[in-house]
$ cat start-v6.tsv   # TSV, C-alpha atoms
chain	number	residue	atom	x	y	z
A	28	MET	CA	111.49	-25.45	79.55
A	29	ASN	CA	111.43	-22.72	76.92
A	30	PRO	CA	112.64	-24.18	73.58
A	31	LEU	CA	114.84	-21.10	73.02
A	32	ASP	CA	116.77	-21.98	76.19
A	33	LEU	CA	118.16	-24.94	74.24
A	34	ALA	CA	120.26	-22.51	72.20
A	35	ASN	CA	122.55	-22.48	75.21
A	36	PRO	CA	124.93	-25.49	74.84
A	37	SER	CA	124.99	-26.23	78.58
A	38	ARG	CA	121.20	-26.27	78.76
A	39	PHE	CA	121.06	-28.30	75.56
A	40	LEU	CA	123.39	-30.89	77.14
A	41	ALA	CA	121.18	-31.08	80.23
A	42	PHE	CA	118.10	-31.51	78.00
A	43	ALA	CA	119.84	-34.17	75.88
A	44	ASN	CA	120.92	-36.14	78.94
A	45	ARG	CA	117.32	-36.28	80.11
A	46	ALA	CA	115.68	-36.87	76.71
A	47	ILE	CA	117.96	-39.51	75.16
A	48	PRO	CA	116.95	-42.43	77.46
A	49	TRP	CA	113.24	-41.70	76.92
A	50	LEU	CA	113.65	-41.38	73.15
A	51	ALA	CA	115.70	-44.59	73.03
A	52	GLY	CA	113.02	-46.44	74.98
A	53	ALA	CA	110.26	-45.14	72.70
A	54	THR	CA	112.34	-46.13	69.65
A	55	VAL	CA	112.74	-49.72	70.84
A	56	ILE	CA	109.03	-50.09	71.63
A	57	VAL	CA	107.69	-48.53	68.40
A	58	LEU	CA	110.27	-50.20	66.14
A	59	ALA	CA	109.72	-53.64	67.70
A	60	PHE	CA	105.94	-53.27	67.39
A	61	GLY	CA	106.22	-51.99	63.81
A	62	LEU	CA	108.53	-54.83	62.71
A	63	LYS	CA	106.24	-57.41	64.35
A	64	GLN	CA	103.31	-55.94	62.42
A	65	ALA	CA	105.43	-55.98	59.26
A	66	MET	CA	106.24	-59.68	59.71
A	67	ASN	CA	102.53	-60.47	60.19
A	68	ALA	CA	101.41	-58.36	57.21
A	69	PRO	CA	100.17	-60.25	54.14
A	70	ASN	CA	102.34	-60.75	51.09
A	71	ASP	CA	101.76	-58.61	48.03
A	72	TYR	CA	99.95	-60.31	45.15
A	73	GLN	CA	102.73	-59.35	42.72
A	74	GLN	CA	105.87	-59.02	44.86
A	75	GLY	CA	105.15	-61.95	47.16
A	76	ASP	CA	107.19	-61.88	50.38
A	77	THR	CA	109.77	-59.38	49.06
A	78	ILE	CA	107.24	-56.78	50.24
A	79	LYS	CA	108.92	-57.31	53.66
A	80	ILE	CA	111.92	-55.37	52.32
A	81	MET	CA	109.67	-52.33	51.79
A	82	TYR	CA	109.29	-51.91	55.58
A	83	LEU	CA	113.01	-51.11	55.74
A	84	HIS	CA	113.58	-49.53	52.34
A	85	VAL	CA	110.89	-46.85	52.42
A	86	PRO	CA	111.65	-45.48	55.95
A	87	SER	CA	115.39	-45.41	55.18
A	88	ALA	CA	114.70	-43.50	51.96
A	89	TRP	CA	112.59	-40.95	53.88
A	90	LEU	CA	115.21	-40.58	56.61
A	91	GLY	CA	118.04	-40.17	54.11
A	92	MET	CA	116.13	-37.19	52.73
A	93	LEU	CA	115.08	-35.98	56.19
A	94	GLY	CA	118.75	-35.90	57.21
A	95	TRP	CA	119.60	-33.59	54.35
A	96	GLY	CA	116.49	-31.54	55.12
A	97	VAL	CA	117.70	-31.08	58.70
A	98	MET	CA	121.11	-30.08	57.39
A	99	THR	CA	119.52	-27.58	54.97
A	100	VAL	CA	117.60	-25.85	57.77
A	101	ALA	CA	120.77	-25.92	59.89
A	102	ALA	CA	122.74	-24.41	56.98
A	103	LEU	CA	120.30	-21.50	56.91
A	104	GLY	CA	120.71	-21.27	60.69
A	105	THR	CA	124.47	-21.02	60.24
A	106	LEU	CA	124.54	-18.55	57.35
A	107	VAL	CA	121.46	-16.39	58.03
A	108	TRP	CA	120.61	-16.51	61.72
A	109	ARG	CA	124.04	-17.61	63.06
A	110	HIS	CA	122.30	-19.86	65.55
A	111	PRO	CA	124.81	-21.19	68.11
A	112	LEU	CA	123.86	-24.83	67.61
A	113	ALA	CA	123.08	-24.80	63.87
A	114	ASP	CA	126.41	-26.15	62.66
A	115	VAL	CA	126.48	-28.65	65.54
A	116	ALA	CA	123.11	-30.00	64.31
A	117	ALA	CA	124.34	-30.09	60.70
A	118	LYS	CA	127.54	-31.95	61.52
A	119	ALA	CA	125.73	-34.47	63.71
A	120	ALA	CA	123.09	-35.23	61.06
A	121	ALA	CA	125.50	-36.04	58.20
A	122	PRO	CA	126.73	-39.55	59.21
A	123	ILE	CA	123.24	-40.59	60.30
A	124	GLY	CA	121.68	-39.42	57.04
A	125	ALA	CA	124.48	-41.15	55.11
A	126	GLY	CA	123.81	-44.40	57.00
A	127	PHE	CA	120.11	-44.37	56.14
A	128	THR	CA	120.79	-43.43	52.50
A	129	LEU	CA	123.23	-46.33	52.23
A	130	LEU	CA	120.63	-48.64	53.77
A	131	CYS	CA	118.05	-47.39	51.27
A	132	LEU	CA	120.37	-48.21	48.34
A	133	VAL	CA	121.33	-51.64	49.72
A	134	THR	CA	117.76	-52.74	50.49
A	135	GLY	CA	116.60	-51.32	47.14
A	136	SER	CA	119.23	-53.41	45.35
A	137	LEU	CA	118.27	-56.53	47.29
A	138	TRP	CA	114.63	-55.92	46.38
A	139	GLY	CA	115.50	-55.18	42.74
A	140	ARG	CA	117.31	-58.45	42.06
A	141	PRO	CA	114.28	-60.74	42.48
A	142	GLU	CA	111.73	-58.20	41.18
A	143	TRP	CA	113.56	-56.48	38.31
A	144	GLY	CA	116.18	-59.13	37.62
A	145	THR	CA	119.06	-56.77	38.43
A	146	TYR	CA	120.69	-55.20	41.48
A	147	TRP	CA	121.16	-51.84	39.81
A	148	VAL	CA	120.01	-49.73	36.86
A	149	TRP	CA	120.96	-46.12	36.11
A	150	ASP	CA	117.38	-45.10	36.69
A	151	ALA	CA	116.67	-41.46	37.64
A	152	ARG	CA	115.42	-42.34	41.15
A	153	LEU	CA	118.31	-44.68	41.92
A	154	THR	CA	120.91	-42.34	40.46
A	155	SER	CA	119.62	-39.28	42.34
A	156	GLU	CA	119.64	-41.34	45.57
A	157	LEU	CA	123.25	-42.36	44.87
A	158	VAL	CA	124.08	-38.68	44.31
A	159	LEU	CA	122.60	-37.97	47.77
A	160	LEU	CA	124.94	-40.55	49.32
A	161	LEU	CA	127.93	-39.00	47.52
A	162	LEU	CA	126.86	-35.55	48.75
A	163	TYR	CA	126.74	-36.87	52.32
A	164	LEU	CA	130.24	-38.32	51.93
A	165	GLY	CA	131.44	-35.00	50.51
A	166	VAL	CA	130.02	-33.08	53.48
A	167	ILE	CA	131.60	-35.50	55.98
A	168	ALA	CA	134.95	-35.16	54.18
A	169	LEU	CA	134.66	-31.36	54.20
A	170	TRP	CA	134.02	-31.31	57.96
A	171	ARG	CA	137.20	-33.35	58.43
A	172	THR	CA	139.26	-31.25	56.04
A	173	VAL	CA	138.84	-27.85	57.69
A	174	GLU	CA	140.16	-27.82	61.27
A	175	ASP	CA	138.36	-24.71	62.54
A	176	PRO	CA	134.70	-25.77	63.13
A	177	SER	CA	133.25	-22.31	62.39
A	178	ARG	CA	135.09	-22.03	59.05
A	179	ALA	CA	134.15	-25.58	58.14
A	180	ALA	CA	130.51	-24.82	59.04
A	181	ARG	CA	130.26	-22.00	56.49
A	182	ALA	CA	131.77	-24.11	53.69
A	183	VAL	CA	129.56	-27.09	54.57
A	184	ALA	CA	126.47	-24.85	54.76
A	185	ILE	CA	127.02	-23.64	51.18
A	186	LEU	CA	127.56	-27.21	49.92
A	187	THR	CA	124.45	-28.32	51.81
A	188	LEU	CA	122.27	-25.62	50.26
A	189	VAL	CA	123.53	-26.51	46.78
A	190	GLY	CA	122.99	-30.21	47.48
A	191	ALA	CA	119.41	-29.55	48.60
A	192	ILE	CA	118.55	-29.31	44.90
A	193	ASP	CA	118.80	-33.11	44.87
A	194	LEU	CA	115.84	-33.53	47.27
A	195	PRO	CA	113.06	-32.48	44.84
A	196	ILE	CA	114.90	-34.35	42.07
A	197	ILE	CA	114.71	-37.56	44.15
A	198	LYS	CA	111.07	-36.96	45.06
A	199	PHE	CA	109.82	-36.09	41.57
A	200	SER	CA	112.26	-38.17	39.49
A	201	VAL	CA	109.59	-40.84	39.02
A	202	ASP	CA	107.22	-38.19	37.62
A	203	TRP	CA	109.70	-36.22	35.52
A	204	TRP	CA	111.37	-39.21	33.83
A	205	ASN	CA	110.28	-42.62	32.67
A	206	THR	CA	111.81	-44.74	35.42
A	207	LEU	CA	111.95	-48.43	36.29
A	208	HIS	CA	111.35	-47.41	39.92
A	209	GLN	CA	107.65	-47.26	40.76
A	210	GLY	CA	105.87	-43.94	41.23
A	211	ALA	CA	104.80	-42.45	44.56
A	212	SER	CA	102.50	-44.85	46.39
A	213	VAL	CA	102.23	-43.52	49.97
A	214	PHE	CA	102.05	-39.72	49.87
A	215	ARG	CA	100.28	-38.83	46.63
A	216	LEU	CA	97.26	-36.93	45.40
A	217	GLY	CA	94.25	-39.21	45.57
A	218	GLY	CA	95.56	-41.14	48.57
A	219	SER	CA	97.87	-44.07	49.10
A	220	THR	CA	97.75	-47.01	46.69
A	221	ILE	CA	98.97	-49.43	49.39
A	222	TYR	CA	96.38	-51.62	51.06
A	223	PRO	CA	95.86	-50.68	54.76
A	224	THR	CA	97.10	-54.06	56.06
A	225	MET	CA	100.50	-53.17	54.57
A	226	LEU	CA	100.32	-49.39	54.92
A	227	VAL	CA	99.78	-49.37	58.70
A	228	PRO	CA	102.89	-51.48	59.51
A	229	LEU	CA	104.87	-49.33	57.07
A	230	LEU	CA	103.82	-46.13	58.84
A	231	ILE	CA	104.59	-47.62	62.28
A	232	THR	CA	108.07	-48.71	61.22
A	233	ALA	CA	108.57	-45.26	59.67
A	234	VAL	CA	107.71	-43.64	63.04
A	235	GLY	CA	110.09	-46.07	64.77
A	236	PHE	CA	112.94	-45.28	62.39
A	237	THR	CA	112.24	-41.55	62.78
A	238	LEU	CA	112.50	-41.88	66.56
A	239	LEU	CA	115.80	-43.73	66.04
A	240	PHE	CA	117.02	-40.86	63.86
A	241	LEU	CA	116.03	-38.29	66.51
A	242	THR	CA	117.73	-40.27	69.29
A	243	LEU	CA	120.95	-40.69	67.31
A	244	HIS	CA	120.91	-37.05	66.21
A	245	LEU	CA	120.45	-35.75	69.74
A	246	ALA	CA	123.24	-38.04	71.00
A	247	ALA	CA	125.56	-37.04	68.15
A	248	MET	CA	124.88	-33.32	68.84
A	249	ARG	CA	125.78	-33.89	72.50
A	250	ASN	CA	129.04	-35.55	71.39
A	251	GLU	CA	129.86	-32.65	69.07
A	252	ILE	CA	129.36	-30.06	71.83
A	253	LEU	CA	131.63	-32.08	74.12
A	254	ARG	CA	134.23	-32.43	71.32
A	255	ARG	CA	134.33	-28.64	70.92
A	256	ARG	CA	134.81	-28.20	74.65
A	257	VAL	CA	137.69	-30.68	74.56
A	258	ARG	CA	139.23	-28.76	71.65
A	259	THR	CA	138.96	-25.46	73.48
A	260	LEU	CA	140.50	-26.89	76.65
A	261	ARG	CA	143.36	-28.50	74.71
A	262	LEU	CA	144.15	-25.15	73.11
A	263	MET	CA	144.18	-23.58	76.57
A	264	GLN	CA	146.44	-26.35	77.84
A	265	ALA	CA	148.84	-25.93	74.90
A	266	SER	CA	148.94	-22.21	75.57
A	267	ALA	CA	149.73	-22.74	79.23
A	268	ALA	CA	152.53	-25.18	78.34
A	269	ASN	CA	154.26	-22.71	75.96
B	1232	MET	CA	108.97	-72.33	46.56
B	1233	GLU	CA	108.74	-68.60	45.83
B	1234	HIS	CA	109.16	-67.98	49.56
B	1235	MET	CA	112.44	-69.92	49.61
B	1236	ASP	CA	113.76	-68.10	46.52
B	1237	HIS	CA	113.27	-64.66	48.05
B	1238	MET	CA	114.37	-65.45	51.58
B	1239	PRO	CA	118.11	-64.65	51.10
B	1240	PHE	CA	117.21	-61.17	49.80
B	1241	ILE	CA	114.85	-60.52	52.71
B	1242	VAL	CA	117.31	-61.81	55.30
B	1243	GLY	CA	120.10	-59.85	53.61
B	1244	SER	CA	118.03	-56.64	53.83
B	1245	TYR	CA	117.29	-57.08	57.53
B	1246	ALA	CA	120.92	-58.00	58.22
B	1247	ALA	CA	122.05	-54.85	56.40
B	1248	ALA	CA	119.60	-52.76	58.43
B	1249	ALA	CA	120.84	-54.32	61.67
B	1250	ALA	CA	124.46	-53.68	60.65
B	1251	VAL	CA	123.85	-50.01	59.80
B	1252	ILE	CA	121.91	-49.42	63.03
B	1253	VAL	CA	124.55	-51.18	65.16
B	1254	VAL	CA	127.35	-49.15	63.52
B	1255	LEU	CA	125.48	-45.85	64.09
B	1256	ILE	CA	124.67	-46.67	67.72
B	1257	GLY	CA	128.23	-47.91	68.31
B	1258	TRP	CA	129.71	-44.78	66.75
B	1259	VAL	CA	127.57	-42.49	68.94
B	1260	MET	CA	128.27	-44.44	72.15
B	1261	LEU	CA	132.03	-44.83	71.61
B	1262	ASP	CA	132.36	-41.18	70.63
B	1263	PHE	CA	130.48	-40.12	73.77
B	1264	ARG	CA	132.79	-42.20	75.97
B	1265	ALA	CA	135.87	-40.83	74.19
B	1266	GLN	CA	134.79	-37.19	74.67
B	1267	ARG	CA	133.88	-37.71	78.33
B	1268	ARG	CA	137.20	-39.45	78.95
B	1269	ALA	CA	139.08	-36.61	77.25
B	1270	LEU	CA	137.21	-34.02	79.34
B	1271	ALA	CA	137.90	-35.97	82.54
B	1272	GLU	CA	141.62	-36.20	81.72
B	1273	LEU	CA	141.82	-32.47	81.07
B	1274	GLU	CA	140.00	-31.70	84.32
B	1275	MET	CA	142.39	-33.99	86.20
B	1276	ARG	CA	145.26	-31.88	84.84
B	1277	GLY	CA	143.53	-28.76	86.11
B	1278	VAL	CA	142.43	-27.53	82.67
B	1279	THR	CA	138.80	-26.51	83.03
B	1280	ARG	CA	136.44	-24.06	81.39
B	1281	ARG	CA	136.57	-20.51	82.75
B	1282	SER	CA	132.83	-20.58	83.32
B	1283	SER	CA	133.36	-23.50	85.73
B	1284	GLY	CA	135.36	-21.14	87.92
B	1285	ALA	CA	138.27	-23.51	88.47
B	1286	ALA	CA	140.69	-22.08	85.98
B	1287	SER	CA	141.77	-18.68	84.82
B	1288	ARG	CA	143.14	-17.75	81.45
B	1289	PRO	CA	146.92	-18.09	81.26
B	1290	LYS	CA	148.75	-14.78	80.88
B	1291	ASP	CA	150.54	-15.89	77.72
B	1292	GLN	CA	147.41	-17.22	75.99
B	1293	THR	CA	147.60	-16.68	72.24
B	1294	LYS	CA	145.00	-14.80	70.22
B	1295	GLU	CA	143.73	-18.04	68.67
B	1296	GLN	CA	143.08	-19.66	72.01
B	1297	THR	CA	141.40	-16.52	73.32
B	1298	LYS	CA	139.23	-16.49	70.19
B	1299	GLU	CA	138.25	-20.15	70.69
B	1300	GLN	CA	137.35	-19.54	74.32
B	1301	THR	CA	135.42	-16.39	73.49
B	1302	LYS	CA	133.53	-18.25	70.77
B	1303	GLU	CA	132.27	-20.86	73.20
B	1304	GLN	CA	131.32	-18.18	75.72
B	1305	THR	CA	129.51	-16.26	72.97
B	1306	MET	CA	127.53	-19.41	72.18
B	1307	GLU	CA	126.56	-19.65	75.83
B	1308	GLN	CA	125.61	-15.95	76.01
B	1309	ALA	CA	123.62	-16.11	72.78
B	1310	GLY	CA	121.65	-18.96	74.28
B	1311	GLU	CA	121.08	-17.01	77.49
B	1312	GLN	CA	119.87	-13.96	75.53
B	1313	ALA	CA	117.55	-16.07	73.39
B	1314	GLY	CA	116.03	-17.48	76.58
B	1315	GLU	CA	115.66	-14.04	78.17
B	1316	GLN	CA	114.05	-12.53	75.06
B	1317	ALA	CA	111.48	-15.30	75.10
$ encode --input "start-v6.tsv" --output "structure tokens"
Amino acid sequence: MNPLDLANPSRFLAFANRAIPWLAGATVIVLAFGLKQAMNAPNDYQQGDTIKIMYLHVPSAWLGMLGWGVMTVAALGTLVWRHPLADVAAKAAAPIGAGFTLLCLVTGSLWGRPEWGTYWVWDARLTSELVLLLLYLGVIALWRTVEDPSRAARAVAILTLVGAIDLPIIKFSVDWWNTLHQGASVFRLGGSTIYPTMLVPLLITAVGFTLLFLTLHLAAMRNEILRRRVRTLRLMQASAAN
Amino acid sequence: MEHMDHMPFIVGSYAAAAAVIVVLIGWVMLDFRAQRRALAELEMRGVTRRSSGAASRPKDQTKEQTKEQTKEQTMEQAGEQAGEQA
């Protein structure tokens, strides 16, 4: 199938119906394998067994940012290229990205209490991550406020592009400011500082969580296309009744 | 001893992850069922998309409804054109 054919909602639905079961199956297999590896990984010499929280915290942090990244590309698709499915992709990604960002903050807090002695500090990394969650909630609220999906899409696209400024702030906050949060340890110049016995399970769980994100996003896009069809048909029905 | 001290935080993290994942999966599945049910109900009442060939546009359709219908058809056509250009 030509990827451009997926711009057609009917063809996209057919593709989604076929792909979702396969993606869901791959998610279960990779995530189960990754979590098993994570449970068998050695404890960190400083953190002890709280290192187990890292296998959830780091992938959720990445996916929280990936969600906004997807929405940013979709916002460009809406405003610049007027791609038929761009705003559908943006709307579907928001609750999923918000879920992973919330999970990142919760697991970070639960890791922080035994390691830092506190659940929360107004550290640049933590604060910028909280801002990302608030941006997600703002976008979800905006989608619900404006009834016409195409009008809502333009407003959300502008907010999304403005909010994208937060992504480099999150990424480089640990370099730009003196933070309690540790610096980059996986993707950094000079290579990862994590020992391979911990790094490999982390990367596998990250792939598993990414597959989960893709599965949920595809399913949520399918729902959004169906919702718009229902809306169109209800308008037709109301017209016929009058 | 250290293991016991940290266990509630580790279990709490995994429980939170399970809760978030269950909520997201539940939201997607319930929403899918709701949309399919709504579409089925509309089709039972004879309200179907024009492209399905079963319904025609009512004579007294308002401009807004025509616009909505045209928008969805435009999405379909844009997809068709993108496929043909490729």
$ residues_near_point --input "start-v6.tsv" --point "(114.8, -43.8, 76.3)" --cutoff "12 Å" --atoms "all atoms listed in the file" --output "count of residues only"
22
$ closest_residue --input "start-v6.tsv" --among "B:Val1253, B:Ala1271, B:Gly1277, B:Val1259" --to "chain A" --atoms "all atoms listed in the file"
B:Val1259
$ interface_residues --input "start-v6.tsv" --of "chain A" --to "chain B" --cutoff "9 Å" --atoms "only C-alpha atoms" --output "ChimeraX atom specification"
/A:29-38,75-80,83-84,110-112,122-123,126-127,129-130,133-135,137-138,140-141,239,243,246-247,249-251,253-267,269
$ residues_around --input "start-v6.tsv" --residues "segment 181-185 of chain A" --least-positions-apart "5" --cutoff "10 Å" --atoms "only C-alpha atoms" --output "PyMOL selection string"
chain A and resi 98-106+113-114+117-118+165-170+173+176+190-191
$ write_last_selection --input "start-v6.tsv" --atoms "C-alpha atoms" --output "JSON list (two decimals), in the coordinates of the input"
[["chain", "number", "residue", "atom", "x", "y", "z"],
["A", 98, "MET", "CA", 121.11, -30.08, 57.39],
["A", 99, "THR", "CA", 119.52, -27.58, 54.97],
["A", 100, "VAL", "CA", 117.60, -25.85, 57.77],
["A", 101, "ALA", "CA", 120.77, -25.92, 59.89],
["A", 102, "ALA", "CA", 122.74, -24.41, 56.98],
["A", 103, "LEU", "CA", 120.30, -21.50, 56.91],
["A", 104, "GLY", "CA", 120.71, -21.27, 60.69],
["A", 105, "THR", "CA", 124.47, -21.02, 60.24],
["A", 106, "LEU", "CA", 124.54, -18.55, 57.35],
["A", 113, "ALA", "CA", 123.08, -24.80, 63.87],
["A", 114, "ASP", "CA", 126.41, -26.15, 62.66],
["A", 117, "ALA", "CA", 124.34, -30.09, 60.70],
["A", 118, "LYS", "CA", 127.54, -31.95, 61.52],
["A", 165, "GLY", "CA", 131.44, -35.00, 50.51],
["A", 166, "VAL", "CA", 130.02, -33.08, 53.48],
["A", 167, "ILE", "CA", 131.60, -35.50, 55.98],
["A", 168, "ALA", "CA", 134.95, -35.16, 54.18],
["A", 169, "LEU", "CA", 134.66, -31.36, 54.20],
["A", 170, "TRP", "CA", 134.02, -31.31, 57.96],
["A", 173, "VAL", "CA", 138.84, -27.85, 57.69],
["A", 176, "PRO", "CA", 134.70, -25.77, 63.13],
["A", 190, "GLY", "CA", 122.99, -30.21, 47.48],
["A", 191, "ALA", "CA", 119.41, -29.55, 48.60]]
$ residues_around --input "start-v6.tsv" --residues "Phe60 of chain A" --least-positions-apart "4" --cutoff "9 Å" --atoms "only C-alpha atoms" --output "JSON, numbers by chain"
{"A": [55, 56, 64, 65, 228, 231, 232, 235]}
$ write_last_selection --input "start-v6.tsv" --atoms "C-alpha atoms" --output "PDB file, in the frame of the given file"
ATOM      1  CA  VAL A  55     112.740 -49.720  70.840  1.00  0.00           C
ATOM      2  CA  ILE A  56     109.030 -50.090  71.630  1.00  0.00           C
ATOM      3  CA  GLN A  64     103.310 -55.940  62.420  1.00  0.00           C
ATOM      4  CA  ALA A  65     105.430 -55.980  59.260  1.00  0.00           C
ATOM      5  CA  PRO A 228     102.890 -51.480  59.510  1.00  0.00           C
ATOM      6  CA  ILE A 231     104.590 -47.620  62.280  1.00  0.00           C
ATOM      7  CA  THR A 232     108.070 -48.710  61.220  1.00  0.00           C
ATOM      8  CA  GLY A 235     110.090 -46.070  64.770  1.00  0.00           C
TER       9      GLY A 235
END
$ atom_distance --input "start-v6.tsv" --atom1 "atom CA of Ile221 of chain A" --atom2 "atom CA of Leu153 of chain A"
21.3 Å
$ atom_distance --input "start-v6.tsv" --atom1 "atom CA of Pro195 of chain A" --atom2 "atom CA of Phe236 of chain A"
21.7 Å
$ atom_distance --input "start-v6.tsv" --atom1 "atom CA of Leu226 of chain A" --atom2 "atom CA of Leu58 of chain A"
15.0 Å
$ closest_residue --input "start-v6.tsv" --among "A:Leu90, A:Val201, A:Leu164, A:Leu207" --to "Gly139 of chain A" --atoms "only C-alpha atoms"
A:Leu207
